[in-house]
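**Q** Here you go, one structure.
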Amino acid sequence: MPLKFLFLFLLVGIVLYFFYRRFATGVTVSTESTENRSETLTDYSSLPGQESGTAPVSPREVISYDLTRYSWGAAPAQAEAEKILRDFLKDVPPPRTISPRLEELLSNPESNVQEIARMVSLDPLLTAQILKVANSAYFRPSGAPRINSVHRAIILLGYNYLRVLLLEYFLRRTLEKCTSLPPQEFLKIWKHSIEVSAILGSIALARRYDVGVYTTAGILHDIGKFFLPLFPSSQEFSFSQGEEDLPPLKEEEIRYGFGHTLLGKLVVKTWDLPPEIEAAVGYHHPVSRLEFLDLPPESRKIAAWVTLADHLAHLYGRFGGDYVYEVPGWVYTFLGLKSPEGLITRELLWGLKRASSLAEAL
């Protein structure tokens, strides 16, 4: 009888230990080797201001705007904006994206890295970009041998970050021909988009969504900002005008007659991209509950997640600027969340840190 009680006591102790490691620390206990697991835990604990076993880092101090407090026009200039865009984009082909075969390989963690490396190596400029990122200060520790092969670079970056890098590479070269934004502003938007894309990739992996669609939505969510300079702005408008500090999206509407969300939606529609991407781009700053709920279920879901990912990137990323838009309560309700706290794990913040470093290396 004592042996039975001792065995039961040990069994309960083991279960409680694994439960603690999984939920109290936010780190999944896996069957990987001790060496690999220790390296991963070291990476998580190296987040700024975070000690081992403590809660994730605090968000940055930024200005918070509740978009539902403001009145929004019915975008009477939409038809004119769409015409201008179509005329402008008729000589600009839709951006090249990841080939279906490469997307299939990246979606399967068991894929042959050599085949992926062979496909990527067909583009010399892309190869140079991947090697540049892999040899940056964050990804290649000081004193480590220089990485000279795409195969090794892919292993170091991982499939999810390689996908983000590929999307950035192809789409950026298209947009550089379309925008008159200053280079510094252009890069700032891209780097923030990479952070949002990485968060969405993490969420999609955890919830078994289509990672390719979600990372693409993250890269494209602010695409309208690149096209705003095409349109004349109100001569009477000044960003310092008014009695209160207006949210940037409201300033866009006053200045151009519409914001980057509507413009981005029209760009995606013109390029004939999937409706889920169109919804993510057009509704990631929701201001109307009825308009949001009118979206088809899948489009509403991805728009809700992009809204939340953008919010987290502004709070915890490096390139979101000095403001953040509050997430309406109906978005949390739709996603089955009470707040974003449950998503802010050390794994997600570690992934965001890697994405920020990737963006910095570009």
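In the structure tokens, chains take the letters A, B, ... in the order shown, each chain's residues start at 1, and ligands count up from 1 in the order shown.
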Excluding same-chain residues fewer than 5 positions from Leu85 of chain A, what lies within 9 Å of it counting only C-alpha atoms, as a count of residues only?
**A** 8
**Q** What residues in segment 201-309 of chain A get the DSSP label helix (DSSP H, G or I)? Please answer as a ChimeraX atom specification.
**A** /A:201-207,211-220,224-230,248-256,260-270,275-282,289-293,297-309
**Q** Under the rule that only C-alpha atoms are counted, which of A:Leu290, A:Gly212, A:Gly264, A:His151 is the nearest residue to Pro100 of chain A?
**A**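 Residue with the minimum atom-to-atom distance to Pro100 of chain A: A:Gly212.
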**Q** Do a neighbour search on Trp305 of chain A at 12 Å with only C-alpha atoms, toss out local chain neighbours closer than 4 positions, and write the hits as an MDAnalysis selection string.
**A** chainID A and resid 196:197 199:204 207 209 213:215 217:218 221 276:277 279:281 283:286 298:301 309:312 327 331:337 340 343
**Q** I want to know what sits within 9 Å of Leu228 of chain A, based on only C-alpha atoms, with residues of the same chain fewer than 3 positions away left out; could you give that as a PyMOL selection string?
**A** chain A and resi 179+181+224-225+231-232+252+256+259-260+263
**Q** Go ahead and write the residues just picked, all heavy atoms, as a PDB file, in the first residue's frame.
**A**
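Output (out-v5.pdb):
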```pdb
ATOM      1  N   THR A 179       5.432  54.858 -55.289  1.00  0.00           N
ATOM      2  CA  THR A 179       5.262  55.833 -54.215  1.00  0.00           C
ATOM      3  C   THR A 179       6.272  56.962 -54.311  1.00  0.00           C
ATOM      4  O   THR A 179       7.380  56.788 -54.833  1.00  0.00           O
ATOM      5  CB  THR A 179       5.387  55.155 -52.834  1.00  0.00           C
ATOM      6  OG1 THR A 179       5.102  56.117 -51.811  1.00  0.00           O
ATOM      7  CG2 THR A 179       6.778  54.588 -52.627  1.00  0.00           C
ATOM      8  N   LEU A 181       6.801  58.620 -51.387  1.00  0.00           N
ATOM      9  CA  LEU A 181       7.129  58.821 -49.983  1.00  0.00           C
ATOM     10  C   LEU A 181       8.639  58.966 -49.803  1.00  0.00           C
ATOM     11  O   LEU A 181       9.421  58.316 -50.518  1.00  0.00           O
ATOM     12  CB  LEU A 181       6.653  57.623 -49.158  1.00  0.00           C
ATOM     13  CG  LEU A 181       5.177  57.534 -48.788  1.00  0.00           C
ATOM     14  CD1 LEU A 181       4.920  56.212 -48.072  1.00  0.00           C
ATOM     15  CD2 LEU A 181       4.749  58.696 -47.912  1.00  0.00           C
ATOM     16  N   GLY A 224      -2.036  51.068 -48.268  1.00  0.00           N
ATOM     17  CA  GLY A 224      -2.631  52.318 -48.716  1.00  0.00           C
ATOM     18  C   GLY A 224      -1.770  53.539 -48.435  1.00  0.00           C
ATOM     19  O   GLY A 224      -1.848  54.543 -49.163  1.00  0.00           O
ATOM     20  N   LYS A 225      -0.939  53.470 -47.390  1.00  0.00           N
ATOM     21  CA  LYS A 225      -0.090  54.613 -47.039  1.00  0.00           C
ATOM     22  C   LYS A 225       0.902  54.950 -48.148  1.00  0.00           C
ATOM     23  O   LYS A 225       1.287  56.117 -48.296  1.00  0.00           O
ATOM     24  CB  LYS A 225       0.657  54.332 -45.733  1.00  0.00           C
ATOM     25  CG  LYS A 225      -0.235  54.294 -44.511  1.00  0.00           C
ATOM     26  CD  LYS A 225       0.574  54.072 -43.239  1.00  0.00           C
ATOM     27  CE  LYS A 225      -0.322  54.109 -42.001  1.00  0.00           C
ATOM     28  NZ  LYS A 225       0.450  53.898 -40.749  1.00  0.00           N
ATOM     29  N   PHE A 231      -2.584  61.571 -54.292  1.00  0.00           N
ATOM     30  CA  PHE A 231      -3.813  62.360 -54.275  1.00  0.00           C
ATOM     31  C   PHE A 231      -3.556  63.748 -53.713  1.00  0.00           C
ATOM     32  O   PHE A 231      -2.749  63.922 -52.791  1.00  0.00           O
ATOM     33  CB  PHE A 231      -4.879  61.641 -53.449  1.00  0.00           C
ATOM     34  CG  PHE A 231      -5.249  60.303 -54.014  1.00  0.00           C
ATOM     35  CD1 PHE A 231      -4.530  59.165 -53.658  1.00  0.00           C
ATOM     36  CD2 PHE A 231      -6.278  60.185 -54.928  1.00  0.00           C
ATOM     37  CE1 PHE A 231      -4.847  57.935 -54.203  1.00  0.00           C
ATOM     38  CE2 PHE A 231      -6.596  58.952 -55.473  1.00  0.00           C
ATOM     39  CZ  PHE A 231      -5.891  57.832 -55.118  1.00  0.00           C
ATOM     40  N   PRO A 232      -4.233  64.743 -54.261  1.00  0.00           N
ATOM     41  CA  PRO A 232      -4.056  66.109 -53.754  1.00  0.00           C
ATOM     42  C   PRO A 232      -4.616  66.240 -52.342  1.00  0.00           C
ATOM     43  O   PRO A 232      -5.649  65.672 -52.013  1.00  0.00           O
ATOM     44  CB  PRO A 232      -4.867  66.962 -54.751  1.00  0.00           C
ATOM     45  CG  PRO A 232      -5.889  66.018 -55.307  1.00  0.00           C
ATOM     46  CD  PRO A 232      -5.216  64.662 -55.352  1.00  0.00           C
ATOM     47  N   GLU A 252      -5.798  61.816 -42.004  1.00  0.00           N
ATOM     48  CA  GLU A 252      -5.794  61.402 -43.410  1.00  0.00           C
ATOM     49  C   GLU A 252      -7.133  61.716 -44.070  1.00  0.00           C
ATOM     50  O   GLU A 252      -7.177  62.216 -45.202  1.00  0.00           O
ATOM     51  CB  GLU A 252      -5.505  59.902 -43.511  1.00  0.00           C
ATOM     52  CG  GLU A 252      -4.093  59.500 -43.147  1.00  0.00           C
ATOM     53  CD  GLU A 252      -3.916  57.987 -43.109  1.00  0.00           C
ATOM     54  OE1 GLU A 252      -4.882  57.251 -43.411  1.00  0.00           O
ATOM     55  OE2 GLU A 252      -2.808  57.537 -42.760  1.00  0.00           O
ATOM     56  N   TYR A 256      -7.219  64.106 -47.207  1.00  0.00           N
ATOM     57  CA  TYR A 256      -7.402  63.534 -48.541  1.00  0.00           C
ATOM     58  C   TYR A 256      -8.863  63.194 -48.881  1.00  0.00           C
ATOM     59  O   TYR A 256      -9.182  62.932 -50.039  1.00  0.00           O
ATOM     60  CB  TYR A 256      -6.579  62.246 -48.682  1.00  0.00           C
ATOM     61  CG  TYR A 256      -5.091  62.453 -48.545  1.00  0.00           C
ATOM     62  CD1 TYR A 256      -4.438  62.130 -47.359  1.00  0.00           C
ATOM     63  CD2 TYR A 256      -4.344  62.986 -49.588  1.00  0.00           C
ATOM     64  CE1 TYR A 256      -3.072  62.328 -47.223  1.00  0.00           C
ATOM     65  CE2 TYR A 256      -2.975  63.200 -49.464  1.00  0.00           C
ATOM     66  CZ  TYR A 256      -2.348  62.856 -48.274  1.00  0.00           C
ATOM     67  OH  TYR A 256      -0.997  63.055 -48.140  1.00  0.00           O
ATOM     68  N   GLY A 259      -8.995  57.591 -45.786  1.00  0.00           N
ATOM     69  CA  GLY A 259      -7.777  57.150 -45.099  1.00  0.00           C
ATOM     70  C   GLY A 259      -7.076  56.034 -45.842  1.00  0.00           C
ATOM     71  O   GLY A 259      -7.542  55.558 -46.884  1.00  0.00           O
ATOM     72  N   HIS A 260      -5.952  55.603 -45.280  1.00  0.00           N
ATOM     73  CA  HIS A 260      -5.152  54.581 -45.964  1.00  0.00           C
ATOM     74  C   HIS A 260      -5.847  53.225 -45.997  1.00  0.00           C
ATOM     75  O   HIS A 260      -5.514  52.384 -46.835  1.00  0.00           O
ATOM     76  CB  HIS A 260      -3.777  54.441 -45.295  1.00  0.00           C
ATOM     77  CG  HIS A 260      -3.807  53.813 -43.936  1.00  0.00           C
ATOM     78  ND1 HIS A 260      -4.022  54.538 -42.781  1.00  0.00           N
ATOM     79  CD2 HIS A 260      -3.645  52.520 -43.523  1.00  0.00           C
ATOM     80  CE1 HIS A 260      -3.989  53.736 -41.735  1.00  0.00           C
ATOM     81  NE2 HIS A 260      -3.776  52.501 -42.152  1.00  0.00           N
ATOM     82  N   LEU A 263      -8.019  53.291 -49.148  1.00  0.00           N
ATOM     83  CA  LEU A 263      -7.129  53.307 -50.306  1.00  0.00           C
ATOM     84  C   LEU A 263      -6.446  51.960 -50.481  1.00  0.00           C
ATOM     85  O   LEU A 263      -6.335  51.433 -51.596  1.00  0.00           O
ATOM     86  CB  LEU A 263      -6.083  54.414 -50.128  1.00  0.00           C
ATOM     87  CG  LEU A 263      -5.322  54.840 -51.392  1.00  0.00           C
ATOM     88  CD1 LEU A 263      -6.289  55.219 -52.493  1.00  0.00           C
ATOM     89  CD2 LEU A 263      -4.399  56.002 -51.068  1.00  0.00           C
TER      90      LEU A 263
END
```
**Q** Counting only C-alpha atoms, which of A:Pro247, A:Phe292, A:Ser356, A:Leu349 gets nearest to Asp66 of chain A?
**A**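 Answer, going by the shortest atom-to-atom distance: A:Pro247.
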**Q** If we count only C-alpha atoms, what is near Ser99 of chain A at a cut-off of 12 Å, once residues fewer than 2 positions away on the same chain are taken out, given as a list in words?
**A** Pro95, Arg96, Thr97, Arg101, Leu102, Glu103, Glu104, Leu105, Leu106, Ile116, Met119, Val120, Arg163, Leu166, Leu167, Phe170 and Gly212 of chain A
**Q** So, counting only C-alpha atoms, which residue among A:Val150, A:Leu126, A:Ile155, A:Trp330 is closest to Ser111 of chain A?
**A**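 So, comparing all the options, the nearest one is A:Ile155.
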